[in-house]
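Q: Input structure: model-v3.txt, which contains compact mmCIF, C-alpha atoms (C1' of nucleotides).
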```txt
# COMPACT_ATOMS: atom_id res chain seq x y z
CA MET A 117 -14.62 -24.83 5.87
CA LYS A 118 -12.00 -24.96 8.57
CA THR A 119 -12.31 -24.21 12.26
CA ALA A 120 -9.72 -23.76 15.02
CA ASP A 121 -9.90 -27.51 15.63
CA ASP A 122 -8.43 -28.09 12.19
CA LEU A 123 -5.29 -26.13 13.04
CA HIS A 124 -3.16 -29.09 14.05
CA LYS A 125 -4.51 -31.14 11.15
CA THR A 126 -2.73 -28.71 8.83
CA GLY A 127 0.48 -28.94 10.82
CA LEU A 128 -0.07 -25.73 12.79
CA LYS A 129 0.23 -25.33 16.52
CA LYS A 130 -2.93 -24.24 18.26
CA THR A 131 -1.87 -21.03 19.97
CA GLN A 132 -3.91 -18.46 21.86
CA GLY A 133 -3.45 -15.84 19.14
CA ARG A 134 -4.43 -18.12 16.27
CA THR A 135 -7.57 -19.44 17.89
CA ALA A 136 -8.56 -15.91 18.92
CA ILE A 137 -8.05 -14.53 15.40
CA LEU A 138 -9.94 -17.44 13.87
CA ARG A 139 -12.80 -17.03 16.33
CA LEU A 140 -13.17 -13.28 15.87
CA LEU A 141 -13.12 -13.61 12.09
CA THR A 142 -15.88 -16.21 12.15
CA ASP A 143 -17.91 -14.21 14.67
CA VAL A 144 -17.83 -10.92 12.81
CA LYS A 145 -19.72 -10.79 9.55
CA LYS A 146 -17.62 -8.14 7.81
CA PRO A 147 -14.16 -8.42 6.32
CA LEU A 148 -11.71 -6.83 8.79
CA ASP A 149 -8.40 -5.09 8.22
CA ILE A 150 -5.35 -5.54 10.45
CA ASN A 151 -6.16 -2.61 12.71
CA GLU A 152 -9.70 -3.82 13.27
CA ILE A 153 -8.37 -7.28 14.09
CA MET A 154 -5.88 -5.76 16.54
CA LYS A 155 -8.67 -3.80 18.27
CA LYS A 156 -10.86 -6.90 18.56
CA LEU A 157 -7.95 -8.84 20.06
CA TYR A 158 -7.40 -6.03 22.56
CA LYS A 159 -11.06 -6.16 23.58
CA MET A 160 -10.76 -9.93 23.94
CA LYS A 161 -7.77 -9.26 26.23
CA VAL A 162 -5.56 -11.32 23.96
CA THR A 163 -2.11 -9.74 23.72
CA VAL A 164 -0.58 -10.40 20.32
CA ASN A 165 2.14 -8.48 18.56
CA ARG A 166 1.32 -6.76 15.26
CA THR A 167 3.98 -8.79 13.43
CA THR A 168 2.52 -11.99 14.79
CA VAL A 169 -0.95 -10.97 13.62
CA PHE A 170 0.41 -10.42 10.13
CA ARG A 171 2.24 -13.73 10.20
CA THR A 172 -0.75 -15.59 11.61
CA ILE A 173 -3.02 -14.15 8.99
CA ASN A 174 -0.68 -15.05 6.16
CA ILE A 175 -0.53 -18.62 7.39
CA LEU A 176 -4.31 -18.80 7.79
CA VAL A 177 -4.74 -17.50 4.24
CA LYS A 178 -2.26 -20.01 2.86
CA LYS A 179 -3.89 -22.88 4.73
CA GLY A 180 -7.37 -21.89 3.59
CA PHE A 181 -8.87 -20.74 6.88
CA ILE A 182 -9.47 -17.18 5.72
CA HIS A 183 -9.84 -15.17 2.51
CA ARG A 184 -7.77 -12.10 1.74
CA ILE A 185 -9.63 -9.43 -0.18
CA GLU A 186 -9.17 -5.87 -1.41
CA LEU A 187 -11.93 -3.27 -1.56
CA ASN A 188 -10.17 -0.37 -3.31
CA GLU A 189 -8.66 0.96 -0.09
CA GLY A 190 -5.01 0.15 -0.62
CA LYS A 191 -4.98 -2.49 2.08
CA TYR A 192 -6.14 -6.03 2.65
CA ARG A 193 -9.20 -7.24 4.52
CA TYR A 194 -9.70 -10.73 5.84
CA GLU A 195 -12.75 -12.88 6.33
CA SER A 196 -13.43 -16.43 7.41
CA THR A 197 -13.83 -19.12 4.77
CA LEU A 198 -16.58 -20.53 6.98
CA LEU A 199 -18.92 -17.80 5.78
CA PRO A 200 -21.04 -18.83 2.78
CA HIS A 201 -19.74 -17.65 -0.59
CA HIS A 202 -20.82 -14.06 -1.12
CA HIS A 203 -19.84 -10.74 -2.61
CA HIS A 204 -19.63 -7.19 -1.36
CA LEU A 205 -21.46 -3.94 -1.78
CA VAL A 206 -19.17 -1.09 -0.80
CA CYS A 207 -20.79 2.27 -0.09
CA THR A 208 -18.38 4.91 -1.37
CA LEU A 209 -19.95 7.54 0.87
CA CYS A 210 -19.96 5.91 4.33
CA ASN A 211 -17.53 3.03 3.54
CA ARG A 212 -20.04 0.49 4.81
CA ILE A 213 -19.56 -3.03 3.50
CA ILE A 214 -22.68 -5.09 2.85
CA ASP A 215 -22.52 -8.78 2.08
CA ILE A 216 -24.69 -10.14 -0.71
CA GLU A 217 -25.45 -13.68 -1.70
CA SER A 218 -26.93 -14.34 -5.08
CA ASP A 219 -27.53 -17.79 -6.48
CA GLU A 220 -28.41 -16.18 -9.77
CA LEU A 221 -25.05 -14.46 -10.01
CA HIS A 222 -23.25 -17.55 -8.84
CA LEU A 223 -24.79 -19.65 -11.57
CA GLN A 224 -23.83 -17.04 -14.13
CA ILE A 225 -20.25 -17.01 -12.86
CA LYS A 226 -20.11 -20.78 -13.20
CA SER A 227 -21.25 -20.71 -16.78
CA LEU A 228 -18.84 -17.89 -17.50
CA ALA A 229 -16.00 -20.00 -16.09
CA LYS A 230 -16.73 -22.59 -18.77
CA ILE A 231 -16.75 -19.97 -21.52
CA VAL A 232 -13.46 -18.53 -20.29
CA ASP A 233 -11.90 -21.99 -20.22
CA ARG A 234 -13.05 -22.68 -23.78
CA SER A 235 -12.07 -19.32 -25.32
CA TYR A 236 -8.97 -18.44 -23.33
CA GLY A 237 -7.81 -21.81 -22.07
CA PHE A 238 -7.91 -20.26 -18.61
CA ILE A 239 -8.98 -22.33 -15.63
CA ILE A 240 -10.79 -20.22 -13.02
CA LYS A 241 -9.97 -21.21 -9.46
CA ASP A 242 -11.35 -18.19 -7.68
CA HIS A 243 -13.13 -14.95 -8.43
CA LYS A 244 -14.04 -11.73 -6.76
CA ILE A 245 -16.90 -9.41 -7.43
CA GLU A 246 -17.37 -6.10 -5.71
CA PHE A 247 -19.98 -3.47 -6.31
CA PHE A 248 -19.40 0.16 -5.47
CA GLY A 249 -22.15 2.70 -5.03
CA THR A 250 -24.52 4.34 -2.59
CA CYS A 251 -26.17 2.49 0.29
CA LYS A 252 -29.72 2.95 1.55
CA SER A 253 -28.91 5.38 4.37
CA CYS A 254 -26.63 7.53 2.21
CA LYS A 255 -29.09 7.72 -0.67
CA GLY A 256 -30.91 10.82 0.62
CA ILE A 257 -27.73 12.77 1.26
CA MET B 25 -13.97 8.48 -22.80
CA LYS B 26 -11.47 11.27 -22.27
CA THR B 27 -8.28 11.99 -24.19
CA ALA B 28 -5.37 14.37 -23.52
CA ASP B 29 -7.28 17.04 -25.44
CA ASP B 30 -9.94 17.02 -22.73
CA LEU B 31 -7.41 17.99 -20.03
CA HIS B 32 -8.04 21.73 -20.12
CA LYS B 33 -11.79 21.16 -20.36
CA THR B 34 -11.63 19.73 -16.87
CA GLY B 35 -9.58 22.65 -15.58
CA LEU B 36 -6.25 20.87 -15.81
CA LYS B 37 -3.10 22.22 -17.41
CA LYS B 38 -1.77 20.19 -20.30
CA THR B 39 1.72 19.33 -19.14
CA GLN B 40 4.32 17.04 -20.68
CA GLY B 41 3.98 14.49 -17.87
CA ARG B 42 0.21 14.31 -17.98
CA THR B 43 -0.07 13.87 -21.71
CA ALA B 44 2.69 11.26 -21.65
CA ILE B 45 1.00 9.28 -18.86
CA LEU B 46 -2.37 9.47 -20.59
CA ARG B 47 -0.85 8.37 -23.88
CA LEU B 48 1.05 5.42 -22.48
CA LEU B 49 -1.99 4.21 -20.56
CA THR B 50 -4.14 4.26 -23.68
CA ASP B 51 -1.40 2.63 -25.78
CA VAL B 52 -0.75 -0.27 -23.44
CA LYS B 53 -3.51 -2.83 -23.07
CA LYS B 54 -2.75 -3.96 -19.52
CA PRO B 55 -3.33 -2.19 -16.23
CA LEU B 56 0.03 -0.78 -15.08
CA ASP B 57 1.37 -0.14 -11.61
CA ILE B 58 3.41 2.93 -10.68
CA ASN B 59 6.78 1.32 -11.33
CA GLU B 60 5.71 0.15 -14.75
CA ILE B 61 4.46 3.65 -15.54
CA MET B 62 7.77 5.11 -14.39
CA LYS B 63 9.70 2.71 -16.63
CA LYS B 64 7.54 3.55 -19.66
CA LEU B 65 8.08 7.26 -19.03
CA TYR B 66 11.83 6.68 -18.86
CA LYS B 67 11.75 4.88 -22.21
CA MET B 68 9.73 7.78 -23.64
CA LYS B 69 12.51 10.06 -22.35
CA VAL B 70 9.97 11.96 -20.26
CA THR B 71 11.49 12.96 -16.93
CA VAL B 72 8.84 13.02 -14.22
CA ASN B 73 9.29 12.73 -10.49
CA ARG B 74 7.71 9.77 -8.67
CA THR B 75 5.63 12.10 -6.51
CA THR B 76 4.35 13.88 -9.57
CA VAL B 77 3.37 10.59 -11.16
CA PHE B 78 1.35 9.71 -8.06
CA ARG B 79 -0.27 13.14 -8.01
CA THR B 80 -0.97 13.08 -11.73
CA ILE B 81 -2.53 9.67 -11.50
CA ASN B 82 -4.75 10.65 -8.59
CA ILE B 83 -6.02 13.64 -10.53
CA LEU B 84 -6.61 11.57 -13.66
CA VAL B 85 -8.57 9.04 -11.60
CA LYS B 86 -10.66 11.77 -9.97
CA LYS B 87 -11.39 13.43 -13.31
CA GLY B 88 -12.36 10.15 -14.94
CA PHE B 89 -9.47 9.70 -17.37
CA ILE B 90 -8.25 6.46 -15.82
CA HIS B 91 -9.50 3.61 -13.60
CA ARG B 92 -7.74 2.52 -10.43
CA ILE B 93 -7.92 -1.20 -9.77
CA GLU B 94 -6.54 -3.81 -7.39
CA LEU B 95 -5.60 -7.36 -8.36
CA ASN B 96 -4.74 -8.87 -4.97
CA GLU B 97 -1.17 -7.61 -5.04
CA GLY B 98 -1.30 -4.99 -2.31
CA LYS B 99 -0.91 -2.11 -4.75
CA TYR B 100 -2.94 -0.22 -7.31
CA ARG B 101 -2.92 -0.59 -11.07
CA TYR B 102 -4.19 1.96 -13.52
CA GLU B 103 -5.79 1.73 -16.92
CA SER B 104 -7.33 4.13 -19.40
CA THR B 105 -11.09 4.67 -19.35
CA LEU B 106 -10.86 4.77 -23.15
CA LEU B 107 -10.56 0.99 -23.20
CA PRO B 108 -13.89 -0.81 -23.62
CA HIS B 109 -15.43 -2.11 -20.39
CA HIS B 110 -13.82 -5.40 -19.50
CA HIS B 111 -12.68 -7.65 -16.69
CA HIS B 112 -9.49 -9.44 -15.80
CA LEU B 113 -8.17 -12.95 -15.67
CA VAL B 114 -5.17 -13.08 -13.34
CA CYS B 115 -2.89 -16.09 -13.62
CA THR B 116 -1.72 -16.90 -10.11
CA LEU B 117 1.29 -18.80 -11.45
CA CYS B 118 2.88 -16.35 -13.92
CA ASN B 119 1.00 -13.20 -12.79
CA ARG B 120 -0.14 -12.52 -16.34
CA ILE B 121 -3.22 -10.34 -16.67
CA ILE B 122 -5.63 -11.14 -19.48
CA ASP B 123 -8.48 -8.82 -20.41
CA ILE B 124 -11.86 -10.32 -21.08
CA GLU B 125 -14.98 -8.78 -22.52
CA SER B 126 -18.25 -10.55 -22.11
CA ASP B 127 -21.58 -9.10 -23.18
CA GLU B 128 -23.26 -12.02 -21.47
CA LEU B 129 -21.66 -11.18 -18.13
CA HIS B 130 -22.32 -7.51 -18.59
CA LEU B 131 -26.01 -8.10 -19.13
CA GLN B 132 -26.11 -10.27 -16.04
CA ILE B 133 -24.39 -7.57 -13.98
CA LYS B 134 -26.96 -5.05 -15.17
CA SER B 135 -29.87 -7.21 -14.10
CA LEU B 136 -28.14 -7.91 -10.79
CA ALA B 137 -27.80 -4.15 -10.22
CA LYS B 138 -31.58 -3.90 -10.37
CA ILE B 139 -32.03 -6.76 -7.92
CA VAL B 140 -29.53 -5.22 -5.52
CA ASP B 141 -31.27 -1.87 -5.74
CA ARG B 142 -34.66 -3.50 -4.99
CA SER B 143 -33.53 -5.77 -2.15
CA TYR B 144 -30.83 -3.67 -0.48
CA GLY B 145 -31.72 -0.15 -1.57
CA PHE B 146 -28.17 0.06 -2.87
CA ILE B 147 -27.43 1.95 -6.08
CA ILE B 148 -24.54 0.41 -7.99
CA LYS B 149 -22.29 2.99 -9.63
CA ASP B 150 -19.36 0.73 -10.46
CA HIS B 151 -18.28 -2.86 -10.16
CA LYS B 152 -15.20 -4.95 -10.47
CA ILE B 153 -14.87 -8.58 -11.37
CA GLU B 154 -11.63 -10.45 -11.36
CA PHE B 155 -10.98 -14.11 -11.98
CA PHE B 156 -7.98 -15.89 -10.57
CA GLY B 157 -6.64 -19.16 -11.88
CA THR B 158 -4.25 -20.79 -14.32
CA CYS B 159 -3.58 -19.44 -17.80
CA LYS B 160 -3.10 -21.47 -20.98
CA SER B 161 0.71 -21.52 -20.91
CA CYS B 162 0.90 -22.40 -17.22
CA LYS B 163 -1.66 -25.20 -17.48
CA GLY B 164 0.86 -27.92 -18.32
CA ILE B 165 3.25 -26.99 -15.55
C1' DA C 273 9.83 -33.81 32.85
C1' DA C 274 13.24 -32.95 28.87
C1' DA C 275 13.94 -32.28 24.15
C1' DT C 276 12.77 -30.18 19.78
C1' DA C 277 10.63 -27.66 16.58
C1' DA C 278 7.57 -24.12 15.72
C1' DA C 279 5.60 -19.53 17.22
C1' DT C 280 6.42 -15.08 19.18
C1' DG C 281 8.29 -10.31 20.13
C1' DC C 282 11.21 -6.81 19.03
C1' DA C 283 13.68 -3.72 16.11
C1' DA C 284 14.80 -2.52 11.92
C1' DC C 285 13.42 -2.63 7.42
C1' DT C 286 10.85 -2.27 2.54
C1' DC C 287 7.63 -0.47 -0.48
C1' DA C 288 3.41 2.16 -1.97
C1' DG C 289 1.62 6.23 -1.39
C1' DT C 290 1.28 11.20 0.83
C1' DT C 291 2.40 16.05 2.45
C1' DG C 292 4.68 20.70 3.05
C1' DC C 293 7.15 23.93 0.98
C1' DA C 294 9.98 26.34 -2.13
C1' DT C 295 10.62 26.57 -7.20
C1' DT C 296 9.13 26.31 -11.97
C1' DA C 297 6.16 26.22 -15.81
C1' DA C 298 1.51 26.81 -18.14
C1' DA C 299 -2.33 29.58 -19.01
C1' DT C 300 -4.29 34.30 -18.87
C1' DA C 301 -4.31 39.28 -18.94
C1' DG C 302 -2.47 43.45 -20.32
C1' DC D 24 4.78 39.12 -26.53
C1' DT D 25 5.95 40.30 -21.92
C1' DA D 26 4.01 40.37 -17.03
C1' DT D 27 1.09 38.27 -13.87
C1' DT D 28 -1.35 34.72 -11.72
C1' DT D 29 -2.22 30.17 -10.59
C1' DA D 30 -1.43 25.54 -11.02
C1' DA D 31 2.16 21.86 -11.42
C1' DT D 32 6.59 20.12 -10.14
C1' DG D 33 10.67 18.42 -7.41
C1' DC D 34 12.65 17.43 -3.26
C1' DA D 35 12.88 15.69 1.28
C1' DA D 36 10.73 13.97 4.84
C1' DC D 37 6.96 11.44 6.23
C1' DT D 38 3.01 7.70 6.96
C1' DG D 39 1.11 3.20 7.12
C1' DA D 40 0.78 -1.61 5.53
C1' DG D 41 3.34 -5.35 5.45
C1' DT D 42 8.06 -8.09 5.91
C1' DT D 43 12.51 -10.07 7.78
C1' DG D 44 16.31 -11.60 10.98
C1' DC D 45 17.31 -13.04 15.21
C1' DA D 46 17.02 -14.13 19.95
C1' DT D 47 13.52 -15.89 23.19
C1' DT D 48 9.43 -18.28 24.47
C1' DT D 49 5.81 -21.65 24.07
C1' DA D 50 3.36 -25.79 22.23
C1' DT D 51 3.93 -30.33 21.08
C1' DT D 52 6.67 -34.88 20.94
C1' DT D 53 9.32 -38.58 23.33
```
Would you write out, as C-alpha cells, the structure that this file holds?
A:
Amino acid sequence: MKTADDLHKTGLKKTQGRTAILRLLTDVKKPLDINEIMKKLYKMKVTVNRTTVFRTINILVKKGFIHRIELNEGKYRYESTLLPHHHHLVCTLCNRIIDIESDELHLQIKSLAKIVDRSYGFIIKDHKIEFFGTCKSCKGI
Amino acid sequence: MKTADDLHKTGLKKTQGRTAILRLLTDVKKPLDINEIMKKLYKMKVTVNRTTVFRTINILVKKGFIHRIELNEGKYRYESTLLPHHHHLVCTLCNRIIDIESDELHLQIKSLAKIVDRSYGFIIKDHKIEFFGTCKSCKGI
DNA sequence: AAATAAATGCAACTCAGTTGCATTAAATAG
DNA sequence: CTATTTAATGCAACTGAGTTGCATTTATTT
C-alpha cells in the first residue's frame, strides 16, 4: 500500500525513474516484465538505463512497493502492491494474463494457512496461485 | 503417470540418460533444478552433457513425464508426474521446500475451476500453488 | 550554494537455457 | 546379426535475464 510519496519515508531518494516506474506499474493492470517496463518508460519519454531499471525494481520489491511473480515463462513479472490481492489466469495459447479476485478462495487459503501451521509448523507469510488453461477467445480455436 | 517403460510408447528412444533422469526424479521427493540433476547424474556415474540434460528435460515435460515449476528463484525446477498431486511450502530463510498434500484445498480448487469457467469463460487445465514463509526449524531464529 | 551520500550509466560479467552442426547410438529392416 | 535409417548426443557458440564494479551524476542535507 505504498505510493511514490512513500519513497523518502523508506529512505529512498525520489528520482524520475523510480516515480515513473511506480506510476506505470500502478496504472497498468497486468504484471509487466522488464522489457515491457522499458517500453512504457520509452513511451513516457523517461530515459532510464536497463541496469537502473533492474536495480530500481529490486529495491521496490525489497521495500514492498511491488510484487515479483513468475508465470512459467522463465522470467520475472512485476506488479504494484497497491492492486487488491488477486491471482492470475494464464492462457497457454495466447499468453494473456487475466486477474481474478475471489473472496471464497482467499478464505480457503486463510484456513489452510492455519492447518499448515498446525501440521507442519510452517508460518505462511505469502502465497501465490496461478491457473493455466484456455481463455474465452481461444476456446473455439 | 508415466515410467521409463513408457518412453518408446511416446516415440522416444530409451537412452541411458533419459532413464537415469526419469529414475532420479521419481526417487527424489523434491523438485530439482538443472544443477542438482547434473550432480545426481554424476553420482550415478551417468555421463550426460548439460545441453542433453536440458533437451531431455524439455522432451520429458512435453510428453508428460515431469512437471516444470518455478519457486521464485529465477530458474525452473522439475519433478516427476508420478508423485501424487501436491503443493509446496518454501521457507524463505533456509530455502527448504516442503511438499504438502491437502484434499481440502484440492476440492476447493476444483470448485473454483467451475466458478472461473462460468464467470470468465476460462477453462483451467493446470494450477500451481506455492506458500512462502518460515519453516519449523527456522522459526526460532 | 557546498558538501555528502545515494542513484545512475556503462561495460563487462554470470547463469539458465537454446541452437546449429557434425558425430554417435538406438531402433528397425533386411 | 549386420546394414540402414532416424533420433539422440556432444560441442561450441549463442541468447536473454539479471548482476557487479567503478567512475560520474543527481538528490538531499547543512
Q: Since chain B and chain A share a sequence, can you fit the second onto the first over all C-alpha atoms in order and output it as a tab-separated table (two decimals) with C-alpha atoms, keeping the file's coordinate frame?
A:
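Contents of superposed24.tsv, as written:
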```tsv
chain	number	residue	atom	x	y	z
A	117	MET	CA	-13.97	8.48	-22.74
A	118	LYS	CA	-11.46	11.24	-22.25
A	119	THR	CA	-8.28	11.97	-24.15
A	120	ALA	CA	-5.37	14.35	-23.49
A	121	ASP	CA	-7.29	17.02	-25.41
A	122	ASP	CA	-9.93	17.00	-22.70
A	123	LEU	CA	-7.41	17.96	-20.03
A	124	HIS	CA	-8.05	21.69	-20.12
A	125	LYS	CA	-11.80	21.11	-20.39
A	126	THR	CA	-11.66	19.68	-16.87
A	127	GLY	CA	-9.63	22.61	-15.60
A	128	LEU	CA	-6.26	20.85	-15.81
A	129	LYS	CA	-3.14	22.21	-17.41
A	130	LYS	CA	-1.81	20.17	-20.29
A	131	THR	CA	1.70	19.31	-19.15
A	132	GLN	CA	4.30	17.02	-20.68
A	133	GLY	CA	3.98	14.48	-17.87
A	134	ARG	CA	0.19	14.31	-17.97
A	135	THR	CA	-0.07	13.87	-21.71
A	136	ALA	CA	2.70	11.25	-21.63
A	137	ILE	CA	1.01	9.27	-18.84
A	138	LEU	CA	-2.35	9.48	-20.58
A	139	ARG	CA	-0.84	8.36	-23.88
A	140	LEU	CA	1.07	5.41	-22.45
A	141	LEU	CA	-1.98	4.20	-20.54
A	142	THR	CA	-4.13	4.27	-23.66
A	143	ASP	CA	-1.41	2.62	-25.75
A	144	VAL	CA	-0.75	-0.28	-23.42
A	145	LYS	CA	-3.52	-2.81	-23.06
A	146	LYS	CA	-2.74	-3.97	-19.52
A	147	PRO	CA	-3.32	-2.20	-16.24
A	148	LEU	CA	0.05	-0.79	-15.08
A	149	ASP	CA	1.40	-0.13	-11.61
A	150	ILE	CA	3.44	2.94	-10.67
A	151	ASN	CA	6.79	1.32	-11.34
A	152	GLU	CA	5.72	0.15	-14.78
A	153	ILE	CA	4.47	3.65	-15.56
A	154	MET	CA	7.78	5.12	-14.39
A	155	LYS	CA	9.72	2.71	-16.65
A	156	LYS	CA	7.55	3.56	-19.66
A	157	LEU	CA	8.08	7.28	-19.02
A	158	TYR	CA	11.83	6.68	-18.84
A	159	LYS	CA	11.76	4.88	-22.18
A	160	MET	CA	9.74	7.76	-23.62
A	161	LYS	CA	12.51	10.06	-22.32
A	162	VAL	CA	9.98	11.96	-20.26
A	163	THR	CA	11.51	12.95	-16.92
A	164	VAL	CA	8.85	13.04	-14.22
A	165	ASN	CA	9.29	12.75	-10.49
A	166	ARG	CA	7.70	9.79	-8.68
A	167	THR	CA	5.62	12.13	-6.50
A	168	THR	CA	4.34	13.91	-9.57
A	169	VAL	CA	3.37	10.60	-11.16
A	170	PHE	CA	1.36	9.73	-8.07
A	171	ARG	CA	-0.26	13.14	-8.02
A	172	THR	CA	-0.98	13.08	-11.75
A	173	ILE	CA	-2.54	9.68	-11.50
A	174	ASN	CA	-4.74	10.65	-8.59
A	175	ILE	CA	-6.00	13.65	-10.52
A	176	LEU	CA	-6.61	11.56	-13.65
A	177	VAL	CA	-8.56	9.04	-11.58
A	178	LYS	CA	-10.65	11.76	-9.96
A	179	LYS	CA	-11.36	13.41	-13.30
A	180	GLY	CA	-12.34	10.12	-14.93
A	181	PHE	CA	-9.45	9.68	-17.35
A	182	ILE	CA	-8.24	6.44	-15.80
A	183	HIS	CA	-9.49	3.60	-13.59
A	184	ARG	CA	-7.72	2.51	-10.43
A	185	ILE	CA	-7.90	-1.20	-9.77
A	186	GLU	CA	-6.51	-3.81	-7.38
A	187	LEU	CA	-5.59	-7.35	-8.37
A	188	ASN	CA	-4.73	-8.90	-4.98
A	189	GLU	CA	-1.16	-7.61	-5.04
A	190	GLY	CA	-1.30	-4.99	-2.33
A	191	LYS	CA	-0.90	-2.13	-4.77
A	192	TYR	CA	-2.92	-0.24	-7.32
A	193	ARG	CA	-2.90	-0.60	-11.09
A	194	TYR	CA	-4.18	1.97	-13.52
A	195	GLU	CA	-5.79	1.71	-16.92
A	196	SER	CA	-7.33	4.11	-19.39
A	197	THR	CA	-11.08	4.67	-19.33
A	198	LEU	CA	-10.86	4.76	-23.13
A	199	LEU	CA	-10.56	0.99	-23.19
A	200	PRO	CA	-13.91	-0.80	-23.59
A	201	HIS	CA	-15.44	-2.09	-20.36
A	202	HIS	CA	-13.83	-5.41	-19.50
A	203	HIS	CA	-12.68	-7.63	-16.67
A	204	HIS	CA	-9.49	-9.42	-15.80
A	205	LEU	CA	-8.16	-12.93	-15.68
A	206	VAL	CA	-5.17	-13.06	-13.37
A	207	CYS	CA	-2.88	-16.07	-13.66
A	208	THR	CA	-1.70	-16.86	-10.13
A	209	LEU	CA	1.30	-18.76	-11.48
A	210	CYS	CA	2.89	-16.32	-13.96
A	211	ASN	CA	1.01	-13.15	-12.83
A	212	ARG	CA	-0.14	-12.50	-16.39
A	213	ILE	CA	-3.22	-10.32	-16.70
A	214	ILE	CA	-5.64	-11.12	-19.51
A	215	ASP	CA	-8.49	-8.82	-20.42
A	216	ILE	CA	-11.89	-10.33	-21.10
A	217	GLU	CA	-15.00	-8.78	-22.53
A	218	SER	CA	-18.27	-10.56	-22.10
A	219	ASP	CA	-21.60	-9.14	-23.16
A	220	GLU	CA	-23.27	-12.05	-21.44
A	221	LEU	CA	-21.67	-11.22	-18.12
A	222	HIS	CA	-22.34	-7.54	-18.59
A	223	LEU	CA	-26.02	-8.13	-19.12
A	224	GLN	CA	-26.13	-10.30	-16.02
A	225	ILE	CA	-24.40	-7.59	-13.99
A	226	LYS	CA	-26.98	-5.08	-15.17
A	227	SER	CA	-29.87	-7.22	-14.10
A	228	LEU	CA	-28.15	-7.91	-10.80
A	229	ALA	CA	-27.81	-4.16	-10.24
A	230	LYS	CA	-31.59	-3.89	-10.37
A	231	ILE	CA	-32.04	-6.75	-7.91
A	232	VAL	CA	-29.53	-5.20	-5.52
A	233	ASP	CA	-31.30	-1.85	-5.74
A	234	ARG	CA	-34.66	-3.47	-4.98
A	235	SER	CA	-33.52	-5.74	-2.12
A	236	TYR	CA	-30.82	-3.63	-0.50
A	237	GLY	CA	-31.73	-0.13	-1.61
A	238	PHE	CA	-28.18	0.09	-2.91
A	239	ILE	CA	-27.44	1.98	-6.11
A	240	ILE	CA	-24.54	0.43	-8.03
A	241	LYS	CA	-22.30	2.99	-9.69
A	242	ASP	CA	-19.37	0.77	-10.50
A	243	HIS	CA	-18.29	-2.83	-10.18
A	244	LYS	CA	-15.21	-4.94	-10.49
A	245	ILE	CA	-14.88	-8.56	-11.38
A	246	GLU	CA	-11.62	-10.43	-11.36
A	247	PHE	CA	-10.98	-14.08	-11.98
A	248	PHE	CA	-7.96	-15.86	-10.58
A	249	GLY	CA	-6.63	-19.13	-11.89
A	250	THR	CA	-4.26	-20.77	-14.33
A	251	CYS	CA	-3.59	-19.44	-17.82
A	252	LYS	CA	-3.10	-21.48	-20.98
A	253	SER	CA	0.71	-21.53	-20.92
A	254	CYS	CA	0.90	-22.40	-17.22
A	255	LYS	CA	-1.67	-25.18	-17.47
A	256	GLY	CA	0.85	-27.92	-18.32
A	257	ILE	CA	3.22	-27.01	-15.50
```
Q: So which one's closest to chain C, B:Lys37, B:His130, B:Lys86, B:Arg101? Using only C-alpha atoms (C1' of nucleotides), please.
A: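 Answer, going by the shortest atom-to-atom distance: B:Lys37.
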Q: For Leu107 of chain B, work out the shell of residues within 12 Å, counting all atoms listed in the file and skipping chain neighbours fewer than 2 positions away, then give it as a PyMOL selection string.
A: chain B and resi 25-27+49-55+89-91+102-105+109-111+123-125
Q: Figure out the distance between atom CA of Tyr100 of chain B and atom CA of His243 of chain A, please, to one decimal in Å.
A: 17.9 Å
Q: Please report as number ranges by chain which residues of chain C come no farther than 12 Å from chain B, using only C-alpha atoms (C1' of nucleotides).
A: C: 287-291, 297-299
Q: Given 6 Å on each side, where is the centre and what are the edge lengths in Å to one decimal of the axis-aligned box enclosing the listed atoms of segment 29-36 of chain D, as JSON?
A:
```
{"center_x": 5.3, "center_y": 22.1, "center_z": -3.3, "size_x": 27.1, "size_y": 28.2, "size_z": 28.3}
```
